[in-house]
Amino acid sequence: MTVNSRPARPVMLGQNQYGKAENRVVKITRDGATHHIKDLNVSVALSGDMEEVHYSGSNANVLPTDTTKNTVYAFAKEHGIESAEQFGIHLARHFVTSQEPIRTARIRIEEYAWERIEASDANSRFIGADEVKHSFVRKGQETRLTQITYDGERWEVVSGLKDLVVMNSTNSEFWGYVKDKYTTLKEAYDRILATEVSGRWRFNWTDDEQRMPNWEKSYEQVRKHMLQAFAETYSLSLQQTLYQMGARIINNRSEIDEVRFSLPNKHHFLVDLEPFGLKNDNEVYFAADRPYGLIEATVLRDGCEAKIPVDLTNL
Ligand SMILES: O=c1[nH]c(=O)c2[nH]c(=O)[nH]c2[nH]1
């Protein structure tokens, strides 16, 4: 087989990366009869000296994507999965430090949470616990996310979540907005505020020498502050609520410098019941799935630079 030479015409290779995407890895840790589950979807993207494989087909610098998949599974055994962030850091460090041509590793991880199934009263007496130690139900709420990027010197860890649906059934208004000849929206003084939170937060941990955050605790705390801000803000707009959610995180979590949210306004429209001779006293709503207002913003610690991409679907 002939190996193609670099094209004579000035056609240049641009950004490139490769690796195995969506490696589903489930790790069971057995602590006697009590089992623990980590359920991840890990995507590896490597970049570096990869011109030749594109120009001539020489694979001399290419660690196969199949090997990157195997590494994910082997690392689950060798290092365990303490947190998605910790696992991603191990992988990124390994690829960059073990392969000379690989300069940057980006590891993206989705984590699916499981919770223990409650034991029946009879079984609970028998096993001496309220929960079955090896039986789980998938938590139907959010998917936890992280992205680790390492270039051999500096780390960037951006974590977050998606698909977390929340609702306030009161304490939300929307009025005083611009009205032009196309405006039909009625001002609302007591409306439902609902959204499906997609959020990302960037840690200020950037190098090995600095103390690493406790990733599991950080996630739980960020989630708690974010939800409390959503619940406790008397909202005059979803924009105001978003800012409060971000500010609450920045003010309470010193390990985080930047937060970005993408919040679809899940509109709930009061149904006109008058044709049926009924009064709708803010009780019956039509939950519209589209179109939806889409409110997106970054909240930053003062003096910090925004680095999370504007479009969260790109992260
Ligand atoms: O919280 C809101 N922000 C808006 O910008 C907006 N626009 C709109 O029609 N409804 C809403 N609600």
# chains A, B, ... in the order shown; residues from 1 in each chain; ligands from 1

call {"tool": "residues_near_ligand", "arguments": {"ligand": "ligand 1", "cutoff": "7 Å", "atoms": "only C-alpha atoms and all ligand atoms", "output": "PDB file with N, CA and C atoms, in the first residue's frame"}}
result
ATOM      1  N   PHE A 174     -43.715  38.852  36.495  1.00  0.00           N
ATOM      2  CA  PHE A 174     -43.015  39.372  35.314  1.00  0.00           C
ATOM      3  C   PHE A 174     -43.848  40.505  34.737  1.00  0.00           C
ATOM      4  N   LEU A 185     -48.190  39.761  25.547  1.00  0.00           N
ATOM      5  CA  LEU A 185     -48.057  39.111  26.858  1.00  0.00           C
ATOM      6  C   LEU A 185     -48.669  39.957  27.966  1.00  0.00           C
ATOM      7  N   LEU A 236     -38.508  38.478  39.993  1.00  0.00           N
ATOM      8  CA  LEU A 236     -39.162  39.419  39.075  1.00  0.00           C
ATOM      9  C   LEU A 236     -38.840  39.048  37.630  1.00  0.00           C
ATOM     10  N   SER A 237     -37.920  38.099  37.424  1.00  0.00           N
ATOM     11  CA  SER A 237     -37.621  37.554  36.091  1.00  0.00           C
ATOM     12  C   SER A 237     -36.718  36.339  36.301  1.00  0.00           C
ATOM     13  N   LEU A 238     -36.710  35.468  35.315  1.00  0.00           N
ATOM     14  CA  LEU A 238     -35.824  34.308  35.411  1.00  0.00           C
ATOM     15  C   LEU A 238     -34.368  34.771  35.370  1.00  0.00           C
ATOM     16  N   GLN A 239     -34.118  35.896  34.666  1.00  0.00           N
ATOM     17  CA  GLN A 239     -32.764  36.452  34.630  1.00  0.00           C
ATOM     18  C   GLN A 239     -32.276  36.773  36.048  1.00  0.00           C
ATOM     19  N   ASN A 265     -37.119  28.737  30.058  1.00  0.00           N
ATOM     20  CA  ASN A 265     -38.275  29.126  30.864  1.00  0.00           C
ATOM     21  C   ASN A 265     -39.415  28.182  30.490  1.00  0.00           C
ATOM     22  N   GLY A 293     -38.700  30.489  26.401  1.00  0.00           N
ATOM     23  CA  GLY A 293     -37.676  31.524  26.553  1.00  0.00           C
ATOM     24  C   GLY A 293     -36.403  30.824  26.974  1.00  0.00           C
TER      25      GLY A 293
END

call {"tool": "residues_around", "arguments": {"residues": "region 266-277 of chain A", "least_positions_apart": "3", "cutoff": "9 Å", "atoms": "only C-alpha atoms", "output": "NGL selection string"}}
result
:A and (167 or 191-196 or 263 or 280-293)

call {"tool": "write_last_selection", "arguments": {"atoms": "N, CA and C atoms", "output": "compact mmCIF listing (two decimals), in the first residue's frame"}}
result
# COMPACT_ATOMS: atom_id res chain seq x y z
N MET A 167 -39.32 23.93 40.07
CA MET A 167 -40.50 24.77 39.92
C MET A 167 -40.80 25.54 41.19
N ARG A 191 -47.01 34.08 39.07
CA ARG A 191 -46.94 33.06 38.04
C ARG A 191 -46.10 31.88 38.52
N ILE A 192 -46.17 30.80 37.75
CA ILE A 192 -45.29 29.65 38.01
C ILE A 192 -43.94 29.96 37.37
N LEU A 193 -42.87 29.64 38.08
CA LEU A 193 -41.53 29.75 37.50
C LEU A 193 -40.91 28.36 37.49
N ALA A 194 -40.66 27.86 36.30
CA ALA A 194 -40.10 26.50 36.20
C ALA A 194 -39.00 26.49 35.16
N THR A 195 -37.99 25.68 35.39
CA THR A 195 -36.89 25.58 34.43
C THR A 195 -36.20 24.23 34.57
N GLU A 196 -35.43 23.91 33.54
CA GLU A 196 -34.63 22.69 33.56
C GLU A 196 -33.18 23.17 33.57
N LEU A 263 -30.96 28.35 31.10
CA LEU A 263 -32.23 28.06 31.76
C LEU A 263 -33.40 28.28 30.81
N ASN A 280 -60.80 30.54 36.69
CA ASN A 280 -59.46 29.94 36.92
C ASN A 280 -58.70 30.83 37.89
N ASP A 281 -58.68 30.40 39.12
CA ASP A 281 -58.08 31.20 40.19
C ASP A 281 -56.62 30.79 40.37
N ASN A 282 -55.83 30.96 39.29
CA ASN A 282 -54.41 30.55 39.35
C ASN A 282 -54.25 29.09 39.77
N GLU A 283 -55.06 28.23 39.16
CA GLU A 283 -55.02 26.83 39.58
C GLU A 283 -54.72 25.88 38.43
N VAL A 284 -55.25 26.16 37.25
CA VAL A 284 -55.12 25.20 36.14
C VAL A 284 -54.26 25.82 35.03
N TYR A 285 -53.17 25.13 34.71
CA TYR A 285 -52.20 25.65 33.75
C TYR A 285 -52.00 24.68 32.60
N PHE A 286 -51.64 25.24 31.46
CA PHE A 286 -51.18 24.44 30.33
C PHE A 286 -49.65 24.52 30.36
N ALA A 287 -48.99 23.34 30.52
CA ALA A 287 -47.52 23.32 30.55
C ALA A 287 -47.04 23.18 29.10
N ALA A 288 -46.53 24.27 28.55
CA ALA A 288 -46.11 24.27 27.15
C ALA A 288 -44.68 23.73 27.07
N ASP A 289 -44.40 22.91 26.08
CA ASP A 289 -43.01 22.44 25.98
C ASP A 289 -42.20 23.27 24.98
N ARG A 290 -42.85 23.94 24.04
CA ARG A 290 -42.15 24.82 23.12
C ARG A 290 -43.10 25.83 22.51
N PRO A 291 -42.67 26.96 22.03
CA PRO A 291 -41.31 27.46 22.23
C PRO A 291 -41.11 27.84 23.69
N TYR A 292 -39.86 28.05 24.04
CA TYR A 292 -39.56 28.44 25.42
C TYR A 292 -38.58 29.61 25.39
N GLY A 293 -38.70 30.49 26.40
CA GLY A 293 -37.68 31.52 26.55
C GLY A 293 -36.40 30.82 26.97

call {"tool": "closest_residue", "arguments": {"among": "A:Arg260, A:Arg223, A:Arg253, A:Arg24", "to": "Arg200 (chain A)", "atoms": "only C-alpha atoms"}}
result
A:Arg260

call {"tool": "atom_distance", "arguments": {"atom1": "CA of Gly14 (chain A)", "atom2": "CA of Ile102 (chain A)"}}
result
16.2 Å

call {"tool": "residues_around", "arguments": {"residues": "Ile107 (chain A)", "least_positions_apart": "5", "cutoff": "6 Å", "atoms": "only C-alpha atoms", "output": "list in words"}}
result
Ser43, Val44, Gly88, Gln147 and Ile148 of chain A

call {"tool": "decode", "arguments": {"residues": "region 245-260 of chain A", "atoms": "all heavy atoms", "output": "tab-separated table (two decimals), in the first residue's frame"}}
result
chain	number	residue	atom	x	y	z
A	245	MET	N	-28.75	32.55	41.67
A	245	MET	CA	-28.23	31.17	41.77
A	245	MET	C	-26.71	31.16	41.61
A	245	MET	O	-25.99	30.52	42.36
A	245	MET	CB	-28.90	30.28	40.70
A	245	MET	CG	-30.38	30.01	40.97
A	245	MET	SD	-31.29	29.43	39.53
A	245	MET	CE	-30.58	27.82	39.26
A	246	GLY	N	-26.23	31.91	40.62
A	246	GLY	CA	-24.79	31.97	40.39
A	246	GLY	C	-24.07	32.68	41.52
A	246	GLY	O	-23.03	32.21	42.01
A	247	ALA	N	-24.65	33.79	41.98
A	247	ALA	CA	-24.00	34.58	43.04
A	247	ALA	C	-23.91	33.77	44.33
A	247	ALA	O	-22.91	33.83	45.05
A	247	ALA	CB	-24.77	35.87	43.27
A	248	ARG	N	-24.95	32.99	44.62
A	248	ARG	CA	-24.96	32.18	45.84
A	248	ARG	C	-23.80	31.18	45.81
A	248	ARG	O	-23.15	30.93	46.81
A	248	ARG	CB	-26.32	31.47	45.94
A	248	ARG	CG	-26.63	30.82	47.26
A	248	ARG	CD	-27.13	31.80	48.32
A	248	ARG	NE	-28.50	32.21	48.14
A	248	ARG	CZ	-29.53	31.73	48.87
A	248	ARG	NH1	-29.33	30.83	49.80
A	248	ARG	NH2	-30.75	32.17	48.66
A	249	ILE	N	-23.55	30.63	44.62
A	249	ILE	CA	-22.45	29.65	44.49
A	249	ILE	C	-21.11	30.37	44.68
A	249	ILE	O	-20.26	29.94	45.46
A	249	ILE	CB	-22.51	28.94	43.12
A	249	ILE	CG1	-23.77	28.10	43.01
A	249	ILE	CG2	-21.25	28.08	42.89
A	249	ILE	CD1	-24.06	27.56	41.62
A	250	ILE	N	-20.92	31.48	43.97
A	250	ILE	CA	-19.64	32.20	44.06
A	250	ILE	C	-19.38	32.66	45.50
A	250	ILE	O	-18.27	32.56	46.01
A	250	ILE	CB	-19.63	33.42	43.09
A	250	ILE	CG1	-19.75	32.97	41.63
A	250	ILE	CG2	-18.40	34.30	43.32
A	250	ILE	CD1	-18.55	32.30	41.04
A	251	ASN	N	-20.45	33.12	46.17
A	251	ASN	CA	-20.27	33.64	47.54
A	251	ASN	C	-20.00	32.54	48.57
A	251	ASN	O	-19.41	32.81	49.61
A	251	ASN	CB	-21.50	34.43	47.99
A	251	ASN	CG	-21.53	35.80	47.33
A	251	ASN	OD1	-20.48	36.36	47.02
A	251	ASN	ND2	-22.71	36.33	47.10
A	252	ASN	N	-20.46	31.33	48.28
A	252	ASN	CA	-20.32	30.26	49.28
A	252	ASN	C	-19.23	29.26	48.97
A	252	ASN	O	-18.87	28.45	49.83
A	252	ASN	CB	-21.65	29.51	49.44
A	252	ASN	CG	-22.65	30.32	50.23
A	252	ASN	OD1	-22.57	30.39	51.44
A	252	ASN	ND2	-23.56	30.97	49.52
A	253	ARG	N	-18.73	29.23	47.75
A	253	ARG	CA	-17.77	28.20	47.37
A	253	ARG	C	-16.51	28.86	46.83
A	253	ARG	O	-16.44	29.23	45.65
A	253	ARG	CB	-18.37	27.24	46.33
A	253	ARG	CG	-19.64	26.53	46.78
A	253	ARG	CD	-19.55	25.76	48.08
A	253	ARG	NE	-18.44	24.82	48.15
A	253	ARG	CZ	-18.09	24.17	49.26
A	253	ARG	NH1	-18.75	24.37	50.39
A	253	ARG	NH2	-17.07	23.33	49.26
A	254	SER	N	-15.49	28.94	47.68
A	254	SER	CA	-14.29	29.67	47.30
A	254	SER	C	-13.49	28.95	46.21
A	254	SER	O	-12.63	29.54	45.57
A	254	SER	CB	-13.40	29.87	48.53
A	254	SER	OG	-13.04	28.60	49.04
A	255	GLU	N	-13.80	27.65	45.97
A	255	GLU	CA	-13.06	26.90	44.95
A	255	GLU	C	-13.57	27.18	43.54
A	255	GLU	O	-13.00	26.69	42.57
A	255	GLU	CB	-13.11	25.39	45.25
A	255	GLU	CG	-14.44	24.68	45.01
A	255	GLU	CD	-15.43	24.76	46.19
A	255	GLU	OE1	-15.31	25.69	47.01
A	255	GLU	OE2	-16.33	23.90	46.26
A	256	ILE	N	-14.64	27.99	43.44
A	256	ILE	CA	-15.27	28.23	42.14
A	256	ILE	C	-15.21	29.71	41.78
A	256	ILE	O	-15.55	30.57	42.59
A	256	ILE	CB	-16.72	27.71	42.16
A	256	ILE	CG1	-16.69	26.18	42.25
A	256	ILE	CG2	-17.50	28.16	40.92
A	256	ILE	CD1	-17.98	25.57	42.64
A	257	ASP	N	-14.77	30.01	40.55
A	257	ASP	CA	-14.63	31.41	40.11
A	257	ASP	C	-15.67	31.82	39.07
A	257	ASP	O	-15.84	33.01	38.81
A	257	ASP	CB	-13.24	31.62	39.48
A	257	ASP	CG	-12.16	31.83	40.53
A	257	ASP	OD1	-12.50	31.94	41.73
A	257	ASP	OD2	-10.97	31.86	40.15
A	258	GLU	N	-16.30	30.84	38.42
A	258	GLU	CA	-17.18	31.17	37.31
A	258	GLU	C	-18.31	30.15	37.24
A	258	GLU	O	-18.08	28.95	37.42
A	258	GLU	CB	-16.38	31.11	35.99
A	258	GLU	CG	-17.20	31.39	34.76
A	258	GLU	CD	-16.40	31.24	33.46
A	258	GLU	OE1	-15.23	30.82	33.50
A	258	GLU	OE2	-16.99	31.52	32.41
A	259	VAL	N	-19.51	30.65	36.98
A	259	VAL	CA	-20.67	29.77	36.84
A	259	VAL	C	-21.42	30.22	35.59
A	259	VAL	O	-21.57	31.42	35.36
A	259	VAL	CB	-21.63	29.90	38.06
A	259	VAL	CG1	-22.81	28.95	37.92
A	259	VAL	CG2	-20.91	29.65	39.37
A	260	ARG	N	-21.88	29.27	34.79
A	260	ARG	CA	-22.72	29.63	33.65
A	260	ARG	C	-23.98	28.77	33.68
A	260	ARG	O	-23.90	27.57	33.91
A	260	ARG	CB	-22.00	29.45	32.32
A	260	ARG	CG	-22.85	29.95	31.15
A	260	ARG	CD	-22.08	30.16	29.87
A	260	ARG	NE	-22.97	30.60	28.81
A	260	ARG	CZ	-23.34	31.85	28.58
A	260	ARG	NH1	-22.85	32.83	29.32
A	260	ARG	NH2	-24.17	32.15	27.60
